$ cat data.cif   # mmCIF, C-alpha atoms
data_data
loop_
_atom_site.label_atom_id
_atom_site.label_comp_id
_atom_site.auth_asym_id
_atom_site.auth_seq_id
_atom_site.Cartn_x
_atom_site.Cartn_y
_atom_site.Cartn_z
CA ASP A 12 25.05 -53.70 -40.25
CA ALA A 13 21.28 -53.25 -40.40
CA GLU A 14 20.97 -54.50 -36.83
CA ASP A 15 23.66 -52.03 -35.69
CA ALA A 16 21.86 -49.17 -37.44
CA GLY A 17 18.61 -50.17 -35.75
CA ARG A 18 20.28 -50.24 -32.35
CA VAL A 19 21.76 -46.78 -32.94
CA GLY A 20 18.49 -45.28 -34.18
CA ALA A 21 16.31 -46.62 -31.34
CA PRO A 22 17.61 -44.36 -28.54
CA ALA A 23 17.37 -41.31 -30.80
CA GLY A 24 13.74 -42.11 -31.53
CA GLY A 25 13.06 -42.58 -27.84
CA ARG A 26 14.61 -39.23 -26.98
CA LEU A 27 12.50 -37.55 -29.68
CA ALA A 28 9.31 -39.10 -28.34
CA GLY A 29 10.22 -38.04 -24.80
CA ALA A 30 10.84 -34.46 -25.91
CA GLU A 31 7.47 -34.37 -27.67
CA GLU A 32 5.74 -35.65 -24.53
CA GLU A 33 7.45 -32.98 -22.38
CA GLU A 34 6.46 -30.27 -24.87
CA ALA A 35 2.86 -31.47 -24.88
CA ALA A 36 2.80 -31.52 -21.07
CA ALA A 37 4.22 -28.00 -20.95
CA GLU A 38 1.57 -26.78 -23.38
CA GLU A 39 -1.18 -28.38 -21.29
CA GLU A 40 0.19 -26.74 -18.14
CA ALA A 41 0.40 -23.35 -19.86
CA ALA A 42 -3.17 -23.73 -21.12
CA ALA A 43 -4.36 -24.60 -17.61
CA LEU A 44 -2.58 -21.55 -16.18
CA ARG A 45 -4.12 -19.31 -18.85
CA GLU A 46 -7.57 -20.69 -18.09
CA GLU A 47 -7.02 -20.17 -14.37
CA ALA A 48 -5.88 -16.57 -14.94
CA GLU A 49 -8.90 -15.89 -17.17
CA ASP A 50 -11.24 -17.33 -14.53
CA ALA A 51 -9.67 -15.12 -11.85
CA ALA A 52 -9.95 -12.05 -14.08
CA ASP A 53 -13.61 -12.84 -14.82
CA LYS A 54 -14.30 -13.29 -11.12
CA LEU A 55 -12.70 -9.92 -10.31
CA ALA A 56 -14.65 -8.24 -13.11
CA ARG A 57 -17.94 -9.69 -11.83
CA MET A 58 -17.11 -8.60 -8.28
CA ARG A 59 -16.25 -5.10 -9.49
CA GLU A 60 -19.50 -4.80 -11.47
CA GLU A 61 -21.53 -6.03 -8.51
CA LEU A 62 -19.82 -3.54 -6.19
CA GLU A 63 -20.49 -0.68 -8.60
CA ARG A 64 -24.19 -1.62 -8.72
CA GLN A 65 -24.32 -1.82 -4.93
CA VAL A 66 -22.62 1.56 -4.54
CA ALA A 67 -25.02 3.17 -7.02
CA GLY A 68 -28.07 1.70 -5.27
CA TRP A 69 -26.68 2.49 -1.84
CA GLN A 70 -26.12 6.13 -2.75
CA LEU A 71 -29.63 6.48 -4.18
CA GLY A 72 -31.28 4.64 -1.29
CA GLY A 73 -29.56 6.66 1.43
CA GLU A 74 -28.91 3.68 3.76
CA ARG A 75 -25.21 4.43 3.93
CA ALA A 76 -24.57 3.72 7.59
CA VAL A 77 -25.99 0.21 7.24
CA GLU A 78 -24.22 -0.80 4.04
CA SER A 79 -20.92 1.08 4.14
CA GLU A 80 -19.02 -1.36 6.37
CA ALA A 81 -20.00 -4.38 4.26
CA LEU A 82 -19.06 -2.50 1.09
CA TRP A 83 -15.71 -1.46 2.53
CA ARG A 84 -14.92 -5.07 3.44
CA ARG A 85 -15.69 -6.13 -0.12
CA TYR A 86 -13.52 -3.37 -1.56
CA GLU A 87 -10.69 -4.52 0.71
CA ALA A 88 -11.09 -8.09 -0.57
CA LEU A 89 -11.22 -6.92 -4.18
CA THR A 90 -8.05 -4.82 -3.91
CA ALA A 91 -6.03 -7.06 -1.55
CA PRO A 92 -3.64 -8.53 -4.19
CA LEU A 93 -3.01 -5.15 -5.82
CA SER A 94 -2.64 -3.55 -2.40
CA GLN A 95 0.14 -5.98 -1.50
CA GLU A 96 1.88 -5.37 -4.83
CA LEU A 97 1.62 -1.59 -4.44
CA CYS A 98 2.95 -1.84 -0.89
CA GLU A 99 6.10 -3.58 -2.11
CA GLN A 100 6.61 -0.96 -4.83
CA LEU A 101 6.16 1.87 -2.35
CA ARG A 102 8.65 0.18 -0.03
CA LEU A 103 11.32 0.90 -2.64
CA ILE A 104 10.19 4.49 -3.23
CA LEU A 105 9.39 5.70 0.30
CA GLU A 106 12.65 5.16 2.16
CA ALA A 107 12.77 4.56 5.90
CA THR A 108 13.15 7.84 7.79
CA VAL A 109 13.28 6.85 11.48
CA ALA A 110 16.44 5.27 12.91
CA SER A 111 15.30 2.35 15.04
CA LYS A 112 17.78 -0.46 14.26
CA LEU A 113 21.08 -0.90 16.09
CA GLN A 114 24.29 -0.64 14.12
CA GLY A 115 27.79 0.80 14.18
CA ASP A 116 31.08 0.58 16.07
CA TYR A 117 31.00 2.98 18.99
CA ARG A 118 32.89 3.35 22.26
CA THR A 119 29.58 4.07 24.02
CA GLY A 120 26.06 3.10 23.19
CA LYS A 121 22.88 1.28 24.16
CA ARG A 122 23.88 -2.33 23.59
CA ILE A 123 27.06 -4.42 23.22
CA SER A 124 27.74 -6.16 19.92
CA MET A 125 28.33 -9.74 21.11
CA ARG A 126 30.30 -10.70 17.99
CA LYS A 127 32.94 -8.11 18.95
CA VAL A 128 33.39 -9.18 22.56
CA ILE A 129 35.97 -11.91 21.81
CA PRO A 130 38.12 -9.66 19.56
CA TYR A 131 37.87 -7.01 22.28
CA ILE A 132 39.25 -9.40 24.92
CA ALA A 133 41.85 -10.85 22.53
CA SER A 134 43.18 -7.36 21.77
CA GLY A 135 43.91 -6.72 25.42
CA PHE A 136 40.82 -4.52 25.66
CA ARG A 137 42.19 -2.06 23.09
CA LYS A 138 39.56 -2.60 20.35
CA ASP A 139 36.85 -1.06 22.46
CA LYS A 140 34.38 -0.03 19.73
CA ILE A 141 31.95 -2.72 20.74
CA TRP A 142 28.76 -0.69 21.31
CA LEU A 143 25.73 -0.31 19.06
CA ARG A 144 23.47 2.71 18.62
CA ARG A 145 20.10 3.18 16.95
CA THR A 146 21.38 4.86 13.81
CA LYS A 147 19.99 2.64 11.02
CA PRO A 148 16.70 3.86 9.49
CA SER A 149 14.11 1.06 9.49
CA GLN A 150 10.75 2.77 10.06
CA ARG A 151 8.76 5.31 8.06
CA GLN A 152 7.22 8.48 9.44
CA TYR A 153 5.53 10.17 6.50
CA GLN A 154 2.39 12.29 6.53
CA VAL A 155 0.25 11.30 3.53
CA MET A 156 -2.95 13.14 2.58
CA LEU A 157 -5.28 11.35 0.17
CA CYS A 158 -7.89 13.49 -1.63
CA ILE A 159 -10.84 11.93 -3.52
CA ASP A 160 -13.02 13.83 -6.01
CA ASP A 161 -16.67 13.75 -4.85
CA SER A 162 -18.17 15.70 -7.76
CA GLU A 163 -21.10 14.64 -9.94
CA SER A 164 -18.79 14.18 -12.93
CA MET A 165 -17.25 11.17 -11.19
CA ARG A 166 -20.62 9.42 -11.21
CA SER A 167 -21.63 10.50 -14.72
CA THR A 168 -18.39 9.14 -16.18
CA GLY A 169 -18.61 5.91 -14.21
CA ALA A 170 -15.55 6.78 -12.13
CA GLY A 171 -17.26 6.84 -8.74
CA GLY A 172 -16.82 3.12 -8.16
CA LEU A 173 -13.21 3.31 -9.35
CA ALA A 174 -12.59 6.16 -6.91
CA CYS A 175 -13.90 4.02 -4.03
CA GLU A 176 -11.72 1.16 -5.23
CA ALA A 177 -8.69 3.46 -5.42
CA LEU A 178 -9.43 4.66 -1.89
CA ALA A 179 -9.42 1.09 -0.54
CA LEU A 180 -6.32 0.20 -2.57
CA LEU A 181 -4.25 3.17 -1.41
CA CYS A 182 -5.35 2.97 2.22
CA GLY A 183 -4.59 -0.74 2.28
CA ALA A 184 -1.13 -0.35 0.73
CA LEU A 185 -0.13 2.58 2.96
CA SER A 186 -1.38 0.78 6.08
CA ARG A 187 0.55 -2.40 5.19
CA LEU A 188 3.66 -0.32 4.68
CA GLU A 189 3.15 1.44 8.04
CA VAL A 190 3.91 4.67 6.25
CA GLY A 191 3.23 6.89 9.26
CA GLN A 192 0.16 9.13 9.42
CA LEU A 193 -2.67 9.07 6.88
CA ALA A 194 -5.38 11.66 6.30
CA VAL A 195 -8.26 11.41 3.82
CA ALA A 196 -10.39 14.22 2.40
CA SER A 197 -13.17 14.52 -0.16
CA PHE A 198 -13.40 17.56 -2.40
CA ALA A 199 -15.80 19.15 -4.87
CA GLU A 200 -17.62 22.39 -4.05
CA ARG A 201 -15.78 22.31 -0.72
CA VAL A 202 -13.22 20.16 1.04
CA ARG A 203 -14.22 17.80 3.86
CA LEU A 204 -11.64 16.13 6.10
CA LEU A 205 -12.94 12.58 6.54
CA HIS A 206 -10.00 11.09 8.43
CA PRO A 207 -7.46 13.26 10.33
CA PHE A 208 -3.75 12.56 10.69
CA ASP A 209 -3.93 11.90 14.43
CA ARG A 210 -6.46 9.05 14.20
CA PRO A 211 -5.32 5.45 13.54
CA PHE A 212 -6.72 3.96 10.34
CA SER A 213 -9.12 1.00 10.67
CA ALA A 214 -11.89 -0.77 8.76
CA GLU A 215 -14.44 1.29 10.70
CA ALA A 216 -12.69 4.47 9.57
CA GLY A 217 -12.76 3.19 5.99
CA ALA A 218 -16.48 2.46 6.21
CA TYR A 219 -17.16 5.92 7.60
CA MET A 220 -15.19 7.56 4.79
CA LEU A 221 -17.02 5.50 2.19
CA SER A 222 -20.38 6.58 3.62
CA ARG A 223 -19.48 10.26 3.16
CA PHE A 224 -19.19 10.08 -0.63
CA SER A 225 -22.23 10.99 -2.72
CA PHE A 226 -20.66 12.00 -6.07
CA ALA A 227 -23.45 14.54 -6.42
CA GLU A 228 -21.83 17.99 -6.07
CA LYS A 229 -22.01 20.15 -9.18
CA GLU A 230 -18.64 21.94 -9.14
CA THR A 231 -15.01 21.21 -8.28
CA ASP A 232 -12.93 23.91 -6.60
CA MET A 233 -9.36 22.80 -7.30
CA GLU A 234 -7.88 26.05 -6.04
CA GLY A 235 -9.69 25.61 -2.72
CA LEU A 236 -8.47 22.02 -2.54
CA LEU A 237 -4.82 22.96 -3.00
CA ARG A 238 -5.12 25.75 -0.46
CA THR A 239 -6.68 23.38 2.08
CA VAL A 240 -4.06 20.67 1.45
CA VAL A 241 -1.20 23.11 2.06
CA GLN A 242 -2.82 24.45 5.24
CA THR A 243 -3.60 20.95 6.55
CA LEU A 244 -0.08 19.67 5.95
CA ARG A 245 1.45 22.77 7.55
CA LEU A 246 -0.76 22.37 10.63
CA ALA A 247 0.04 18.65 10.88
CA ARG A 248 3.76 19.41 10.81
CA GLU A 249 3.40 22.02 13.55
CA GLN A 250 1.33 19.70 15.75
CA GLN A 251 3.93 16.97 15.43
CA ARG A 252 6.70 19.44 16.29
CA ALA A 253 8.49 17.75 13.44
CA ALA A 254 11.74 18.90 11.94
CA ALA A 255 11.79 20.95 8.76
CA GLU A 256 12.70 17.82 6.76
CA GLN A 257 9.48 16.03 7.76
CA MET A 258 8.36 14.17 4.62
CA GLN A 259 4.82 14.92 3.45
CA LEU A 260 2.89 13.66 0.43
CA ALA A 261 -0.47 14.55 -1.15
CA ILE A 262 -2.28 12.17 -3.54
CA ILE A 263 -5.25 13.47 -5.55
CA VAL A 264 -7.71 11.06 -7.23
CA SER A 265 -9.97 12.82 -9.74
#

$ encode --input "data.cif" --output "structure tokens"
Amino acid sequence: DAEDAGRVGAPAGGRLAGAEEEEAAAEEEAAALREEAEDAADKLARMREELERQVAGWQLGGERAVESEALWRRYEALTAPLSQELCEQLRLILEATVASKLQGDYRTGKRISMRKVIPYIASGFRKDKIWLRRTKPSQRQYQVMLCIDDSESMRSTGAGGLACEALALLCGALSRLEVGQLAVASFAERVRLLHPFDRPFSAEAGAYMLSRFSFAEKETDMEGLLRTVVQTLRLAREQQRAAAEQMQLAIIVS
């Protein structure tokens, strides 16, 4: 009987030991992942601090044309993961507005649906809705205006670097999404259009925009900003000869 009890208890003890080993391995893996995440967060924090110091020195030194492109590239690298995440979130919010994919069952159209050819022949050519048309929305054609506060308060509160980071993040996400047309303006005592709707966005355009920020103007004219935004969007719609339902969006970072 004792031998039988020993034989019965041995597998149970083995299973218990195996479960403990799996639990220990899972804890080690979780600890390694936490350490990796902490290292990545520390690296991003150090990069952000270094960029903020460079921006501050660059603005004081006045060598903006020389440094702005390198700074823009670093901001793009810093915000790349968040830019991709924001792009996917915006994909759900900003629906496709331009019909460019073929779909439907039509008697006339641009292209034949090959999967309906055999049923068409088998029906004695009666089921003749075998054509496709471009009626499925798959592209976006928005006009997005991004406005960044360039006032002295942004620098005094330490938000100037964050504003530059937000600029790179939003431009990167909207470009990845192929949202349509993008315009960028700075505002404080007056509004400056840094990137118009009719110009394609590029790294060179981003560097130029970055070089225009000083965060040194004393006042912020919000009323003038809103007036300029409305006028700019109205003019952009007229120049595009767009329909009344043309989607437009203004984003203000302040």

$ residues_around --input "data.cif" --residues "Cys98 in chain A" --least-positions-apart "6" --cutoff "8 Å" --atoms "only C-alpha atoms" --output "VMD selection string"
chain A and resid 184 to 185 187 to 188

$ atom_distance --input "data.cif" --atom1 "CA of Met233 in chain A" --atom2 "CA of Ala218 in chain A"
25.4 Å

$ residues_around --input "data.cif" --residues "Ala170 in chain A" --least-positions-apart "2" --cutoff "12 Å" --atoms "only C-alpha atoms" --output "mmCIF file with C-alpha atoms, in the coordinates of the input"
data_model
loop_
_atom_site.group_PDB
_atom_site.id
_atom_site.type_symbol
_atom_site.label_atom_id
_atom_site.label_comp_id
_atom_site.auth_asym_id
_atom_site.auth_seq_id
_atom_site.Cartn_x
_atom_site.Cartn_y
_atom_site.Cartn_z
ATOM 1 C CA GLU A 63 -20.490 -0.680 -8.600
ATOM 2 C CA VAL A 66 -22.620 1.560 -4.540
ATOM 3 C CA ALA A 67 -25.020 3.170 -7.020
ATOM 4 C CA ILE A 159 -10.840 11.930 -3.520
ATOM 5 C CA ASP A 160 -13.020 13.830 -6.010
ATOM 6 C CA ASP A 161 -16.670 13.750 -4.850
ATOM 7 C CA SER A 162 -18.170 15.700 -7.760
ATOM 8 C CA GLU A 163 -21.100 14.640 -9.940
ATOM 9 C CA SER A 164 -18.790 14.180 -12.930
ATOM 10 C CA MET A 165 -17.250 11.170 -11.190
ATOM 11 C CA ARG A 166 -20.620 9.420 -11.210
ATOM 12 C CA SER A 167 -21.630 10.500 -14.720
ATOM 13 C CA THR A 168 -18.390 9.140 -16.180
ATOM 14 C CA GLY A 172 -16.820 3.120 -8.160
ATOM 15 C CA LEU A 173 -13.210 3.310 -9.350
ATOM 16 C CA ALA A 174 -12.590 6.160 -6.910
ATOM 17 C CA CYS A 175 -13.900 4.020 -4.030
ATOM 18 C CA GLU A 176 -11.720 1.160 -5.230
ATOM 19 C CA ALA A 177 -8.690 3.460 -5.420
ATOM 20 C CA PHE A 226 -20.660 12.000 -6.070
ATOM 21 C CA VAL A 264 -7.710 11.060 -7.230
ATOM 22 C CA SER A 265 -9.970 12.820 -9.740
#

$ resolve_selection --input "data.cif" --expression "the PyMOL selection byres ((chain A and resi 261) around 7)" --output "MDAnalysis selection string"
chainID A and resid 155:157 260 262:263

$ residues_near_point --input "data.cif" --point "(3.2, 17.3, 5.2)" --cutoff "9 Å" --atoms "only C-alpha atoms" --output "mmCIF file with C-alpha atoms, in the frame of the given file"
data_model
loop_
_atom_site.group_PDB
_atom_site.id
_atom_site.type_symbol
_atom_site.label_atom_id
_atom_site.label_comp_id
_atom_site.auth_asym_id
_atom_site.auth_seq_id
_atom_site.Cartn_x
_atom_site.Cartn_y
_atom_site.Cartn_z
ATOM 1 C CA TYR A 153 5.530 10.170 6.500
ATOM 2 C CA GLN A 154 2.390 12.290 6.530
ATOM 3 C CA VAL A 155 0.250 11.300 3.530
ATOM 4 C CA MET A 156 -2.950 13.140 2.580
ATOM 5 C CA VAL A 240 -4.060 20.670 1.450
ATOM 6 C CA VAL A 241 -1.200 23.110 2.060
ATOM 7 C CA THR A 243 -3.600 20.950 6.550
ATOM 8 C CA LEU A 244 -0.080 19.670 5.950
ATOM 9 C CA ARG A 245 1.450 22.770 7.550
ATOM 10 C CA LEU A 246 -0.760 22.370 10.630
ATOM 11 C CA ALA A 247 0.040 18.650 10.880
ATOM 12 C CA ARG A 248 3.760 19.410 10.810
ATOM 13 C CA GLN A 257 9.480 16.030 7.760
ATOM 14 C CA MET A 258 8.360 14.170 4.620
ATOM 15 C CA GLN A 259 4.820 14.920 3.450
ATOM 16 C CA LEU A 260 2.890 13.660 0.430
ATOM 17 C CA ALA A 261 -0.470 14.550 -1.150
#

$ resolve_selection --input "data.cif" --expression "the PyMOL selection byres ((chain A and resi 197) around 7)" --output "list in words"
Cys158, Ile159, Asp160, Asp161, Ala196, Phe198, Val202, Arg203, Leu204 and Leu205 of chain A

$ resolve_selection --input "data.cif" --expression "the PyMOL selection byres ((chain A and resi 231) around 6)" --output "list in words"
Ala199, Glu200, Glu230, Asp232 and Met233 of chain A

$ atom_distance --input "data.cif" --atom1 "CA of Leu193 in chain A" --atom2 "CA of Ala179 in chain A"
12.8 Å

$ atom_distance --input "data.cif" --atom1 "CA of Ala81 in chain A" --atom2 "CA of Glu189 in chain A"
24.2 Å

$ closest_residue --input "data.cif" --among "A:Ala37, A:Glu249, A:Gly171, A:Ala91" --to "Ala227 in chain A" --atoms "only C-alpha atoms"
A:Gly171

$ decode --input "data.cif" --residues "range 235-247 of chain A" --atoms "N, CA, C and O atoms" --output "compact mmCIF listing (two decimals), in the first residue's frame"
# COMPACT_ATOMS: atom_id res chain seq x y z
N GLY A 235 -7.65 87.32 -33.54
CA GLY A 235 -7.04 87.41 -34.86
C GLY A 235 -6.74 86.06 -35.44
O GLY A 235 -6.87 85.84 -36.66
N LEU A 236 -6.33 85.11 -34.59
CA LEU A 236 -6.07 83.75 -35.06
C LEU A 236 -7.33 83.12 -35.64
O LEU A 236 -7.31 82.58 -36.75
N LEU A 237 -8.43 83.18 -34.88
CA LEU A 237 -9.66 82.55 -35.35
C LEU A 237 -10.16 83.19 -36.63
O LEU A 237 -10.64 82.50 -37.54
N ARG A 238 -10.03 84.50 -36.72
CA ARG A 238 -10.44 85.19 -37.94
C ARG A 238 -9.60 84.72 -39.13
O ARG A 238 -10.13 84.46 -40.22
N THR A 239 -8.29 84.61 -38.93
CA THR A 239 -7.40 84.17 -40.01
C THR A 239 -7.66 82.73 -40.41
O THR A 239 -7.64 82.38 -41.59
N VAL A 240 -7.92 81.86 -39.43
CA VAL A 240 -8.21 80.45 -39.72
C VAL A 240 -9.46 80.33 -40.59
O VAL A 240 -9.47 79.60 -41.60
N VAL A 241 -10.52 81.05 -40.23
CA VAL A 241 -11.75 80.99 -41.01
C VAL A 241 -11.53 81.50 -42.42
O VAL A 241 -11.98 80.89 -43.41
N GLN A 242 -10.81 82.61 -42.57
CA GLN A 242 -10.54 83.17 -43.89
C GLN A 242 -9.69 82.22 -44.73
O GLN A 242 -9.93 82.02 -45.93
N THR A 243 -8.66 81.61 -44.10
CA THR A 243 -7.77 80.71 -44.83
C THR A 243 -8.50 79.47 -45.31
O THR A 243 -8.33 79.02 -46.45
N LEU A 244 -9.33 78.90 -44.45
CA LEU A 244 -10.09 77.71 -44.83
C LEU A 244 -11.11 78.02 -45.92
O LEU A 244 -11.31 77.23 -46.85
N ARG A 245 -11.73 79.18 -45.84
CA ARG A 245 -12.70 79.57 -46.87
C ARG A 245 -12.00 79.73 -48.21
O ARG A 245 -12.49 79.26 -49.25
N LEU A 246 -10.84 80.40 -48.21
CA LEU A 246 -10.10 80.59 -49.45
C LEU A 246 -9.61 79.26 -50.02
O LEU A 246 -9.66 79.04 -51.24
N ALA A 247 -9.17 78.36 -49.16
CA ALA A 247 -8.70 77.05 -49.62
C ALA A 247 -9.83 76.27 -50.28
O ALA A 247 -9.64 75.60 -51.29
